[in-house]
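Just upload11.cif here, mmCIF, C-alpha atoms:
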```cif
data_entry
loop_
_atom_site.label_atom_id
_atom_site.label_comp_id
_atom_site.auth_asym_id
_atom_site.auth_seq_id
_atom_site.Cartn_x
_atom_site.Cartn_y
_atom_site.Cartn_z
CA MET A 1 8.47 15.63 -12.54
CA ARG A 2 6.37 16.64 -9.57
CA LEU A 3 3.38 17.26 -11.84
CA GLN A 4 3.53 13.67 -13.16
CA VAL A 5 3.60 12.18 -9.65
CA ASN A 6 0.48 14.17 -8.73
CA ARG A 7 -1.31 12.70 -11.74
CA VAL A 8 -0.11 9.12 -11.24
CA LEU A 9 -0.54 8.88 -7.44
CA PRO A 10 -4.37 9.16 -7.42
CA SER A 11 -4.57 6.45 -10.10
CA LEU A 12 -2.34 4.15 -8.07
CA VAL A 13 -4.41 4.67 -4.93
CA ALA A 14 -7.65 4.03 -6.84
CA GLY A 15 -6.11 0.88 -8.32
CA LEU A 16 -5.22 -0.44 -4.88
CA ILE A 17 -8.79 0.06 -3.71
CA VAL A 18 -10.36 -1.64 -6.77
CA VAL A 19 -7.88 -4.51 -7.19
CA PRO A 20 -8.79 -6.58 -4.08
CA GLY A 21 -12.38 -7.03 -5.29
CA ALA A 22 -11.26 -7.65 -8.85
CA LEU A 23 -8.80 -10.30 -7.73
CA GLY A 24 -11.49 -12.15 -5.80
CA LEU A 25 -9.87 -11.65 -2.43
CA HIS A 26 -13.20 -12.13 -0.69
CA ALA A 27 -13.97 -15.53 0.80
CA HIS A 28 -15.17 -18.15 -1.66
CA LEU A 29 -16.17 -21.81 -1.58
CA THR A 30 -13.12 -24.04 -2.11
CA GLY A 31 -14.65 -27.47 -1.52
CA SER A 32 -17.66 -29.40 -0.30
CA TYR A 33 -19.00 -32.78 0.70
CA PRO A 34 -20.68 -33.97 -1.31
CA ALA A 35 -18.75 -32.34 -4.12
CA LYS A 36 -20.48 -30.49 -6.95
CA GLU A 37 -22.04 -33.02 -9.38
CA GLU A 38 -20.78 -35.96 -7.27
CA VAL A 39 -22.67 -39.25 -7.53
CA LEU A 40 -22.93 -41.02 -4.17
CA THR A 41 -23.95 -44.64 -3.58
CA ALA A 42 -25.38 -43.81 -0.15
CA ALA A 43 -27.15 -40.78 1.31
CA PRO A 44 -24.81 -38.25 2.95
CA ARG A 45 -25.16 -37.90 6.72
CA TYR A 46 -23.96 -34.29 6.62
CA ILE A 47 -23.26 -31.44 4.21
CA GLN A 48 -19.87 -29.78 4.58
CA LEU A 49 -18.64 -26.53 3.00
CA THR A 50 -15.04 -25.28 3.05
CA PHE A 51 -14.15 -21.67 2.29
CA SER A 52 -10.98 -19.75 1.50
CA GLU A 53 -11.31 -17.87 4.79
CA LYS A 54 -13.26 -18.13 8.02
CA THR A 55 -17.00 -17.44 7.75
CA GLU A 56 -19.64 -16.45 10.31
CA VAL A 57 -21.52 -19.52 11.55
CA ALA A 58 -24.25 -17.42 13.19
CA VAL A 59 -25.53 -16.18 9.82
CA SER A 60 -24.89 -19.39 7.87
CA ASP A 61 -27.59 -21.62 6.42
CA ILE A 62 -27.38 -24.90 4.50
CA LYS A 63 -30.44 -26.37 2.77
CA VAL A 64 -30.88 -29.52 0.74
CA LEU A 65 -33.69 -29.59 -1.81
CA GLY A 66 -35.00 -32.65 -3.63
CA ALA A 67 -35.94 -32.82 -7.31
CA ASP A 68 -39.46 -31.66 -6.38
CA SER A 69 -37.93 -28.68 -4.48
CA ALA A 70 -39.04 -30.20 -1.18
CA ALA A 71 -36.62 -29.34 1.62
CA VAL A 72 -34.81 -32.14 3.43
CA ARG A 73 -34.77 -31.61 7.19
CA MET A 74 -31.33 -30.34 8.27
CA GLY A 75 -29.68 -29.78 11.62
CA LYS A 76 -28.05 -26.61 12.87
CA VAL A 77 -25.00 -25.27 11.03
CA ALA A 78 -21.82 -25.57 13.10
CA ARG A 79 -18.08 -25.08 12.67
CA GLY A 80 -16.40 -28.13 11.11
CA ASP A 81 -13.06 -29.70 11.98
CA ASP A 82 -11.19 -26.51 11.10
CA SER A 83 -11.90 -22.78 11.07
CA LEU A 84 -12.58 -22.72 7.32
CA THR A 85 -15.33 -25.35 7.34
CA ILE A 86 -19.01 -25.25 8.25
CA GLU A 87 -21.34 -28.23 8.22
CA ALA A 88 -24.87 -29.33 9.02
CA PRO A 89 -26.19 -32.83 9.71
CA VAL A 90 -28.84 -34.28 7.39
CA LEU A 91 -31.78 -35.23 9.60
CA GLY A 92 -34.35 -36.00 6.91
CA ARG A 93 -34.53 -38.86 4.45
CA ILE A 94 -32.47 -38.73 1.27
CA GLY A 95 -33.24 -41.46 -1.24
CA ALA A 96 -32.04 -42.03 -4.77
CA GLY A 97 -32.25 -38.93 -6.96
CA GLU A 98 -30.78 -35.51 -7.60
CA TYR A 99 -30.48 -32.92 -4.83
CA ALA A 100 -29.46 -29.27 -4.67
CA VAL A 101 -27.43 -27.79 -1.83
CA VAL A 102 -28.33 -24.12 -1.34
CA TRP A 103 -26.12 -22.25 1.09
CA ARG A 104 -25.46 -18.78 2.41
CA THR A 105 -22.97 -17.34 4.87
CA ALA A 106 -20.87 -14.22 5.39
CA ALA A 107 -17.15 -13.65 5.44
CA ARG A 108 -15.55 -12.16 8.54
CA ASP A 109 -15.60 -8.75 6.78
CA GLY A 110 -19.40 -9.01 6.47
CA HIS A 111 -19.36 -9.72 2.72
CA PRO A 112 -22.37 -12.00 1.98
CA LEU A 113 -21.71 -15.27 0.20
CA ARG A 114 -24.21 -17.66 -1.34
CA GLY A 115 -24.25 -20.50 -3.76
CA ARG A 116 -25.89 -23.63 -5.04
CA PHE A 117 -24.68 -26.94 -6.43
CA THR A 118 -26.15 -30.36 -7.08
CA PHE A 119 -25.24 -33.94 -6.24
CA ARG A 120 -26.93 -37.24 -6.94
CA VAL A 121 -27.58 -40.37 -4.93
CA ALA A 122 -27.63 -43.54 -7.02
CA LEU A 123 -28.31 -46.85 -5.36
CA PRO A 124 -25.61 -49.44 -6.00
CA VAL A 125 -26.57 -51.97 -8.64
CA ALA A 126 -26.97 -55.45 -7.20
CA PRO A 127 -25.16 -58.18 -9.11
CA ALA A 128 -27.45 -60.20 -11.34
CA ASP A 129 -28.55 -63.55 -9.94
CA THR A 130 -26.87 -66.02 -12.25
CA ALA A 131 -28.27 -69.12 -10.53
CA ARG A 132 -30.75 -71.09 -12.59
CA PRO A 133 -34.29 -71.06 -11.25
CA ARG A 134 -35.05 -74.32 -9.56
CA ARG A 135 -37.64 -76.58 -11.01
CA ALA A 136 -40.81 -77.02 -9.01
CA GLU A 137 -41.38 -80.58 -7.82
CA SER A 138 -44.64 -82.22 -6.89
CA GLY A 139 -45.87 -81.05 -3.53
CA ASP A 140 -43.79 -77.86 -3.89
CA PRO A 141 -45.79 -74.68 -3.03
CA ALA A 142 -44.31 -73.00 -6.13
CA ARG A 143 -46.14 -75.53 -8.31
CA ARG A 144 -49.63 -74.83 -7.02
#
```
Output the file's structure in the form of structure tokens.
Amino acid sequence: MRLQVNRVLPSLVAGLIVVPGALGLHAHLTGSYPAKEEVLTAAPRYIQLTFSEKTEVAVSDIKVLGADSAAVRMGKVARGDDSLTIEAPVLGRIGAGEYAVVWRTAARDGHPLRGRFTFRVALPVAPADTARPRRAESGDPARR
């Protein structure tokens, strides 16, 4: 029986070392504002990223790129409302169109994290003017 334990024990130890990485126990993105593929009716004032565990703000970066890959001016990355969230204010202009959020950070254990997702800004559609055009009368500047 002792011989079997000596054969099994190294496999168990190796499995315990490999399993945490295989199970995805490193930090990962759990949410964002704007959300991936979200369509907004107004430009976001900030980009917010939430992770499964605390990340290092000092090595974090959040960029927003327009459809032409031009970078939108962003403010400094800071801790959000809780220890799992980082955010950066949008300082540049964001108009209608598709944008990519490109981010990088590191987990507390030093494991680097990076990702990319897109969102879109669509201007709200104004209701159609159903009023009939008025008829120009004599002396009316519209008639000249």
Figure out the distance between atom CA of A:Gly110 and atom CA of A:Ala35, please, to one decimal in Å.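 So the two atoms, atom CA of A:Ala35 and atom CA of A:Gly110, lie 25.6 Å apart.
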Give as a ChimeraX atom specification the residues that the PyMOL selection byres ((chain A and resi 62-64) around 7) matches when applied to the coordinates above. /A:60-61,65-66,71-72,74,77,88,99-104
Which residue, A:Leu123, A:Glu98, A:Gly115, A:Ala107, has the smallest gap to A:Ser69 when you use all atoms listed in the file?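 Answer, going by the shortest atom-to-atom distance: A:Glu98.
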What lies within 12 Å of A:Asp82 using all atoms listed in the file, ignoring chain neighbours under 2 positions off, as a PyMOL selection string? chain A and resi 48-55+78-80+84-87
Evaluate the PyMOL selection byres ((chain A and resi 119) around 12) and record the selected residues as a ChimeraX atom specification, following the chain and residue labels used in the document. /A:32-44,47,64-67,94,96-102,116-118,120-122
Coordinates of box centre and edge lengths for stretch 73-92 of chain A, 4 Å on every side, axis-aligned, as AutoDock Vina command-line options:
```
--center_x -23.0 --center_y -29.4 --center_z 10.0 --size_x 31.6 --size_y 21.3 --size_z 14.2
```
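One distance worth recording is that between atom CA of A:Val57 and atom CA of A:Ala106, which is 8.2 Å.
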Between atom CA of A:Ala58 and atom CA of A:Thr105, what is the spacing in Å?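 Atom CA of A:Ala58 lies at a distance of 8.4 Å from atom CA of A:Thr105.
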Would you please work out which residue, of A:His26, A:Arg73, A:Arg45, A:Arg114, is nearest to A:Gly92 when using only C-alpha atoms?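 Closest residue, counting only C-alpha atoms: A:Arg73.
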Using all atoms listed in the file: which of A:Pro89, A:Asp68, A:Lys76, A:Leu113 has the shortest distance to A:Tyr46: A:Pro89
